[in-house]
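Report on one structure; see the data block that follows.
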Amino acid sequence: MTETNPRDLFPGALEMMILESLRRQPAHGYALVQHIQQRSNNLLQVEEGSLYPALQRLLKSKLVKAEWGVSSTNRRVRTYQITASGMRHLEQQISSFERMFEGIALVLNPGKSPAS
Amino acid sequence: MNWIPNTFRRRKLYDDLSEEMRLHLEERTEQLMGEGMSREEAGRQARRAFGNRTLLEERSREVWQWPTLESILTDLRYALRQLRKSPGFSITVVLSLTLGLGANTTIFTFVNALLLRPPAVADAGRLGEVMERNAKASGIEAYLPLSYPGYALLRDHNRTFSGFAAFDGDPHPVSWSRDGAGLMVYGQLVSSNFFSVLGVEPALGRFFQPNNDQSGPDAPAVVISYSFWQRQLAADRSVIGRALKLNGSSYTVIGVAPPSFTGIILGARHDFWAPLAMTPTLIHDPDRMGSDTSSWLFGVGRLKPGVSRGQAQADLSVLTRSTRSSEPNAAVLDASVFPVQFVPSPFRGYVTAFTGLLMAAVGLVLLIACANAANLVLARAMTRRRELAVRAALGASRFRIVRQAFTESLLLSMIAGAGGLMLAYWSIPFLLNLTPASIPLFLEAPLDWRVFSFTLAASVLSGIVFGVVPALRSTRRDLLPALKDERQLAGPRRSRLRGSIVVAQITVCLVLLISAGLCVRSLLNARSIDPGFSTNNIAVAQLDPGSLGYTKSQDREFYRQLLERVRELPGVTSASLSDYLPLGTDRLVHGVHIDGFSPPPGLDHIPVQVASVAPDFFNTMGTPVLNGREFSSADIHPGSNGVIINQTMANHFWPGRNPVGQHFKDDDETVEIIGVVKTGKYRSLGEDPQDFMYRTLGSQSQEFLVVRCDAGEQATLDEIRKVIQTLDPNVVPMEMESISQYMALPLFAAHTTGLLLAVFGSVALLLATIGLSGVVSYTVSQRTNEIGVRMALGADRLDVVRLILKQGMRLTMIGVLCGLVLSFAATRVLSGLLYGIKPGDPATFAAVSLFLVAVAFLSCYVPARRAASIDPMKSLRAE
C-alpha cells in the first residue's frame, strides 16, 4: 500500500519533503510539486501524481489538513496546511533521517568525518 | 478500525481527489501552453509528467480503505458483475458443481450421522462400552452382550470405572393401551444408573434413583423420550406422575429425556426407558434377569480419572474369565471396551466400507463437475483475453489478476455449495425412506456444523481445483495480440489442455458407469435369486400376545382362533404360523447327532439351523415339498417327533437314499424325517446352500402369521388387523407387511448401492457429455475460418463432419481406454457387494463402454453438424 516511486525515493521520503514544504507555507498540490522540484534543482525525478497518494496518507493520519479555496492566481485550489502533530512528526522524521544519512555517509566514506 | 464512518465520508473524499488531480493537470497544461506548446502537446506532456492517473487515484483511495476486506469486496462485486454478464456460463458451472457438491453433502451427511457425530452424552471420550469377546471367533460373531449376572459382577467388582451402567441392545415393542386401544411403542430396559453414568440431564422431572436393579417391581416407573412426549402427549408438562399402561401394567412417568438424547446406539427408536428391575413385568420374561447364559446387555461405564480404556479392558477381562471359569471356553473369553459411538466399534468396519464406497463415487462425480467447470472457465478465458489484457495494461499486477480469477471461481463454487446443501436437504428424507419399513430403524441425519464445514471445505477446494489452471493461464503476457483482438489461430497448447481435461472426465465417468452397471446387474441378479419361497401374494404379521401377560394356553387359544378366522377371510387361500421367517435378523441353531457323521472339530454336536412352523406353512410360503409330506394338524401334539429337512441336508447326510422315515437325534430327542423341502436362502441371498430343518410349532408366544392371498396384500392386511382387533384390541402387530416389503431388508444393500451408483453414474455421464460437447463446440467456433477455407476449396459437408467428429472421438477413445484400465482396478472394491457377477465382468465392461462411446458420438455430432452448416463465404468475409 505504501508505495512511493521506488526508483528514486525511500518510503516516507516524499511525505517528509511535503511536510517540510508545508511548514514553510501552506500550498496546494501543484505548488508543492513545483516547490519540491525547484528546491531539489530537479534532481529528484518524481512523478507529479505520486504526490497525491502521499497527501492522502498524511490527511488520514491527520498530519496535514486540507481546505478548498481560491489561489492568488484566481484558481480553485485545495490548500494543505501542516498540523501541530504534523510538526512533531516532521521533527522526529528529520532527526531519524539525519541519523540514517550520517550512518550511510560513514559507511560510504570511511575516511571522512561527516561532522567536519 | 474507523472504516465504517469513513465509508460515508468516502464519496466526498474521492470526489475531492479526482477534482484535485484534474485541476493539477489543468494547471500544468496551462503552464506548458504559456511556455509556447500547443494545447494538445501540453496536455500530453502534463499527463506524462503526472504518471498513471488511474493507478495513482486507486492508490490514493486505498489509503482510506480497510485494505484487505475492501479489495476483496471490490473483487467480489466485480466477479458478480462478470457472472451476471454471462448467465449461460455461470448457470452451467453452478449447476454442474451443485450436482457434484449436493451428492457429496448428501453422502457425507450419512457418514456424519453414522460415524462422526457423538451421542448426546456428557464427555463421551471418558465413556467405555463393554461387550464380551470370544478370541476364537472372528468379525461381529466374536462380540457378545453381557448377561445380567455378568454385568452385576463387573459393576460391583471393577476398579477402573467410577460408574458402570447397562442397557438392553434391542428395543422392545410394547403395547401401550390408550383409551382401550393398543398402540405399538418401543421401550429400552436400562440399569437404574444409566442416565447418571452418561451424564444426561432430564428435560423435565427426574431420572431413576440408582439402586441395585433387582429390588423388584415396587416402583414401576418410566422415563419417556422427548419426541414421544411431543408427538403422543402433546408436550403436556403435567405428564410427570401420570400412569401409562404398557403391556398390561401401569407405569408412572417420572421424567422426560432431553431432546438431543436418543440413546447411544444408532438405529433404534426409544419411546421410553424402563429400569432393568421391570424386565419380568414389562417383557414377561421372568427368567432373564437371573440367567447367566442369556446375553442381552451392553455395558457402559465412565472411566475413573487417569484410567485408559486399555486398563479398563484388562481389569474387566480378568473378572469376565473368573465368571466363566466353569465353562470349557472360558480361556478365550475376555471383555472388550470400546468408545461410545452411535455405531459401536465391532460394526464400524462394515459401515465404513459401505459409506466409503459411496463417498468415493460422489468424489468422482465432483471431480468430473470440477473438470467441467475448469473447461468452461478456460473457454471463457479466451473470450475475456481482451479484458484481462486491458487490466494488465492499466497496471493490474499478476497477483491481482489471479486473485480476481480466484474470486470468480470461488464465488461460483460457493453458490454451488449453497445449492448442494439445498439438494442434500431435499434428498436426505428421500434416502431415509429407502430403509426397509419392516425394521423399527430410526435414523437421524441432521445437517449439523460438521456437514456445513464439509460442504464449505469441499466448495472451496473445488473452487481452487477448477480455478487454478485458468487463473494462472489468464496471466500469460500475450497482451498485444489480445488487445488487437487477434484470433489465436490454432492454439494447440490450450486445446491440448482442454482435451486432456475431457479425457480425464471420460475416464472417471467410465469408471463410475461400469461400477453402476455392475451394481445394477447385481441387483437384478439378487432379485432373481430364488429365496426358496414365493415373493408375492403373501401377507406377513408379527404378533406377541405374551407381552400382554398371556399364559401359554391363552397364547395357543389366541393363535388357534386367529388362524381359523383369517382362513375364512375372502381371498385368503391358506394361512400358517412360524417362529422364524427366512432372511430375517434372527436365527436358531440346534445341535443334532446323525449316525455315521462326527461333529465338526471343537463341537460335540452338528449344528443345524431350525425353525418351528405350524401346519400348511410350506404350502402358504410357496416352498415345494420334494419328498414326503408337510406337517398336518395330526402332528401337533406333545411328543410329536416329526421333522422336515431341506434338500441340502438330505443330500448331505443321506446321499442317494430316501431320507423320509430316517431317524436322527435333535439334542436328546429322537426325531423322524417326514418330508424334504426345497433349499432356500436363510441368512443372506448370497449364501451357499445350508442345512436347515423344521420342527412343529411349540408354545412360543411370538409368531409370524403368514397368509397366502389372491386379493391385494394390503387389503388382506387390513382385514387381518380387524380380526386381531376383535380378538384383543390390546394386541398390536409388530410388523404388518407384504412379502415384497419384507424382502426389502435382505435386498437393502444391493438396492441402495445399485440405485445410488446408477444416479451418480447418470449425473457423471450428463456432466461428461456437457464437457465433451462443450470442447467440440468450442473448437468448431475457433476453426470457423479453417472450415470455411476447406469448404471453399472443395471439402463437402461429410468431410467437415468427419473432421470434427474425429477430434471428439479421439478424446473419447483415449478416455475409454484409460477408464477400462482404471475400472479393472477400481471395481475390485465392489466384490463384496455383488451378487452373481464378477467385478471384472467383460459383458458389463463392453456394454458400458459401447454405451459411453455412443453417447459421446451423439454429443460430438451436434456441433459437427453445426460446423458442416457453416457458409464458407460468410465465414471468410467475417475476417
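Please note that chains go A, B, ... in the order of the C-alpha cells, that every chain numbers its residues from 1, and that ligands are numbered from 1 in the order shown.
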Among stretch 63-103 of chain A, which ones does DSSP place in strand (DSSP E or B), written as a compact mmCIF listing (two decimals) with C-alpha atoms, in the first residue's frame?
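Output saved as states.txt:
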```
# COMPACT_ATOMS: atom_id res chain seq x y z
CA VAL A 64 -1.98 17.83 7.42
CA LYS A 65 -5.39 19.33 6.79
CA ALA A 66 -6.91 20.50 3.53
CA GLU A 67 -9.35 23.20 2.50
CA TRP A 68 -10.80 24.29 -0.79
CA GLY A 69 -10.13 27.90 -1.65
CA VAL A 70 -9.05 30.29 -4.38
CA ARG A 76 -9.81 26.95 -7.47
CA VAL A 77 -7.30 25.04 -5.33
CA ARG A 78 -7.25 22.67 -2.40
CA THR A 79 -4.73 24.07 0.03
CA TYR A 80 -2.89 21.85 2.50
CA GLN A 81 -1.70 23.03 5.90
CA ILE A 82 0.55 21.26 8.37
```
6 Å contacts from chain B to chain A using only C-alpha atoms, as a list of chain:residue names: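 Putting it all together, I get B:His24, B:Ala49, B:Phe50, B:Gly51, B:Arg59, B:Ser60, B:Val63.
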B:Gln542 surroundings by only C-alpha atoms, 9 Å radius, close-in-sequence under 6 positions cut, as a VMD selection string: chain B and resid 702 to 706 732 to 736
Proximity check stretch 658-763 of chain B to stretch 531-540 of chain B, 7 Å, nearest pairs one decimal Å, only C-alpha atoms, as a Markdown table:
```
| residue | atom | partner | partner_atom | distance |
| --- | --- | --- | --- | --- |
| B:Lys678 | CA | B:Gly532 | CA | 6.6 |
| B:Thr679 | CA | B:Gly532 | CA | 6.1 |
| B:Gly680 | CA | B:Gly532 | CA | 3.7 |
| B:Lys681 | CA | B:Pro531 | CA | 4.8 |
| B:Leu685 | CA | B:Pro531 | CA | 6.9 |
| B:Phe704 | CA | B:Val540 | CA | 6.7 |
| B:Leu705 | CA | B:Val540 | CA | 5.7 |
| B:Val706 | CA | B:Val540 | CA | 4.8 |
| B:Val707 | CA | B:Ala539 | CA | 5.1 |
| B:Arg708 | CA | B:Ile538 | CA | 4.6 |
| B:Cys709 | CA | B:Asn537 | CA | 5.5 |
| B:Asp710 | CA | B:Asn537 | CA | 6.3 |
| B:Glu713 | CA | B:Ala539 | CA | 5.6 |
| B:Leu717 | CA | B:Ala539 | CA | 6.4 |
| B:Met736 | CA | B:Val540 | CA | 5.7 |
| B:Glu737 | CA | B:Val540 | CA | 5.3 |
| B:Ser738 | CA | B:Ala539 | CA | 4.5 |
| B:Ile739 | CA | B:Ile538 | CA | 5.3 |
| B:Ser740 | CA | B:Thr535 | CA | 5.8 |
```
Any chance you could export the current selection's C-alpha atoms as an mmCIF file, in the first residue's frame?
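Written out: again.cif:
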```
data_model
loop_
_atom_site.group_PDB
_atom_site.id
_atom_site.type_symbol
_atom_site.label_atom_id
_atom_site.label_comp_id
_atom_site.auth_asym_id
_atom_site.auth_seq_id
_atom_site.Cartn_x
_atom_site.Cartn_y
_atom_site.Cartn_z
ATOM 1 C CA LYS B 678 -36.567 -77.325 -1.470
ATOM 2 C CA THR B 679 -33.493 -75.498 -0.147
ATOM 3 C CA GLY B 680 -33.903 -71.758 0.181
ATOM 4 C CA LYS B 681 -31.889 -68.793 1.381
ATOM 5 C CA LEU B 685 -29.292 -64.021 -0.535
ATOM 6 C CA PHE B 704 -45.139 -64.697 12.395
ATOM 7 C CA LEU B 705 -48.548 -65.085 10.811
ATOM 8 C CA VAL B 706 -48.144 -65.805 7.096
ATOM 9 C CA VAL B 707 -51.180 -65.596 4.847
ATOM 10 C CA ARG B 708 -51.418 -66.530 1.193
ATOM 11 C CA CYS B 709 -53.971 -64.383 -0.566
ATOM 12 C CA ASP B 710 -55.254 -63.887 -4.099
ATOM 13 C CA GLU B 713 -51.932 -57.948 0.117
ATOM 14 C CA LEU B 717 -53.549 -56.934 5.869
ATOM 15 C CA MET B 736 -47.704 -55.902 9.084
ATOM 16 C CA GLU B 737 -46.400 -56.064 5.568
ATOM 17 C CA SER B 738 -46.481 -57.810 2.244
ATOM 18 C CA ILE B 739 -43.765 -60.313 1.478
ATOM 19 C CA SER B 740 -42.265 -57.941 -1.086
#
```
To one decimal place, how far is atom CA of B:Val759 from atom CA of B:Leu510 in Å?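 About the pair atom CA of B:Val759 and atom CA of B:Leu510: they are 13.9 Å apart.
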Please return, as a PyMOL selection string, all residues of stretch 644-820 of chain B that DSSP assigns to helix (DSSP H, G or I) on the basis of the backbone. chain B and resi 647-653+713-727+739-742+748-782+784-792+797-820
Would you mind listing what lies within 6 Å of stretch 544-550 of chain B as an mmCIF file with C-alpha atoms, in the first residue's frame, with only C-alpha atoms counted and same-chain residues fewer than 5 positions away left out?
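Heads up, here's the output in part.cif:
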```
data_model
loop_
_atom_site.group_PDB
_atom_site.id
_atom_site.type_symbol
_atom_site.label_atom_id
_atom_site.label_comp_id
_atom_site.auth_asym_id
_atom_site.auth_seq_id
_atom_site.Cartn_x
_atom_site.Cartn_y
_atom_site.Cartn_z
ATOM 1 C CA ASN B 247 -48.023 -54.360 28.142
ATOM 2 C CA GLY B 248 -50.852 -54.613 30.615
ATOM 3 C CA ILE B 283 -41.495 -58.221 28.671
ATOM 4 C CA HIS B 284 -42.961 -61.126 30.640
ATOM 5 C CA ASP B 555 -51.479 -67.903 23.601
ATOM 6 C CA SER B 701 -45.759 -66.541 22.115
ATOM 7 C CA GLN B 702 -44.027 -64.503 19.445
ATOM 8 C CA VAL B 731 -52.605 -56.925 20.829
#
```
Identify, on the basis of only C-alpha atoms, every residue whose closest approach to B:Arg237 does not exceed 10 Å; exclude the query and any residue fewer than 3 positions from it along the same chain; express the result as a ChimeraX atom specification. /B:204-205,229,233-234,240,256
Separation of atom CA of B:Trp296 and atom CA of B:Val190, in Å?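 Pair atom CA of B:Trp296 / atom CA of B:Val190 returns 11.2 Å.
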Contacts of A:Leu90 at 12 Å or less, counting only C-alpha atoms, minus same-chain residues fewer than 3 places along, as number ranges by chain? A: 12-23, 58, 63-64, 82-87, 93-98
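Nearest to B:Ala405 of all the residues B:Arg384, B:Arg521, B:Arg269, B:Arg348 is B:Arg384, based on only C-alpha atoms.
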